[in-house]
Every structure is written in structure tokens, then in C-alpha cells.
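In what follows, a structure is listed as C-alpha cells, so that the remarks can point back to it.
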Amino acid sequence: MNTGKVKFFNESKGFGFIIEDESSKEYFVHISGLVDEIREDDSVTFDLKEGRKGLNAVNVKLA
């Protein structure tokens, strides 16, 4: 389980990005990968899953 902060999330388009705390890498998150509703600057935990364009954040929960 990784931890990070929501950099950006567009509710109307259903996607955003999370910056991982440990590596500062940025991961794409789609609304289908959310467990909880998220907003910009929320602290979250997440898993990574291979997507079409690299790793995506999934099972995203508020920390």
C-alpha cells in the first residue's frame, strides 16, 4: 500500500493525479479506481496497477 497526496482531480472528467510520498512520482488515477471521494491536497493510500499508459493508482482511499 502506497501513500501520497492528490495533486489534481477533475470530478466532471473523472480523473486526476496522485504524487507518491516516497518517490515523488506522479500516478494517474481514474474515478473507477476510487474507494473514497478525493479532492486536491487529500492524503491517500493506494495500490498500483499496470494500465494502458503505465502504472495507475487503484483502490484509492483517504488516509
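If you're wondering about the labels, chains in the C-alpha cells are A, B, ... by order shown, residues count from 1 in each chain, ligands from 1 in order shown.
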- Message: So that I can check the secondary structure, give me every residue of chain A assigned strand (DSSP E or B) by backbone DSSP, as a ChimeraX atom specification.
- Response: /A:2-10,15-20,26-30,34,43-51,54-62
- Determine, counting only C-alpha atoms, which protein, DNA and RNA residues have an atom within 12 Å of an atom of segment 50-58 of chain A; residues of the same chain fewer than 5 positions away are not included. Present the result as a list in words.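 In the requested form, the answer reads Met1, Asn2, Thr3, Gly4, Lys5, Val6, Phe15, Gly16, Phe17, Ile18, Ile19, Glu20, Lys25, Glu26, Tyr27, Phe28, Val29, His30, Ile31, Ser32, Gly33, Leu34, Val35, Asp36, Val44 and Thr45 of chain A.
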Selected residues written out, C-alpha atoms, as a CSV table (one decimal), in the first residue's frame:
chain,number,residue,atom,x,y,z
A,1,MET,CA,0.0,0.0,0.0
A,2,ASN,CA,1.5,3.3,-1.1
A,3,THR,CA,0.8,6.8,0.4
A,4,GLY,CA,0.6,10.1,-1.4
A,5,LYS,CA,-1.2,13.3,-1.9
A,6,VAL,CA,-3.8,14.2,-4.6
A,15,PHE,CA,-9.6,11.5,-13.4
A,16,GLY,CA,-6.6,13.1,-11.7
A,17,PHE,CA,-3.1,12.6,-10.5
A,18,ILE,CA,-1.5,11.5,-7.2
A,19,ILE,CA,2.0,12.2,-6.1
A,20,GLU,CA,3.6,9.3,-4.1
A,25,LYS,CA,6.4,10.0,-8.8
A,26,GLU,CA,3.1,11.0,-10.3
A,27,TYR,CA,0.4,8.4,-11.0
A,28,PHE,CA,-2.8,8.7,-13.0
A,29,VAL,CA,-6.0,7.9,-11.1
A,30,HIS,CA,-9.4,7.2,-12.7
A,31,ILE,CA,-12.7,7.6,-10.9
A,32,SER,CA,-13.2,3.8,-11.3
A,33,GLY,CA,-10.1,3.3,-9.1
A,34,LEU,CA,-11.5,5.2,-6.2
A,35,VAL,CA,-12.9,3.7,-2.9
A,36,ASP,CA,-13.5,7.2,-1.3
A,44,VAL,CA,-4.5,9.0,0.3
A,45,THR,CA,-3.3,5.4,0.3
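Distance-wise, atom CA of Ile38 of chain A and atom CA of Ser24 of chain A end up 18.7 Å apart.
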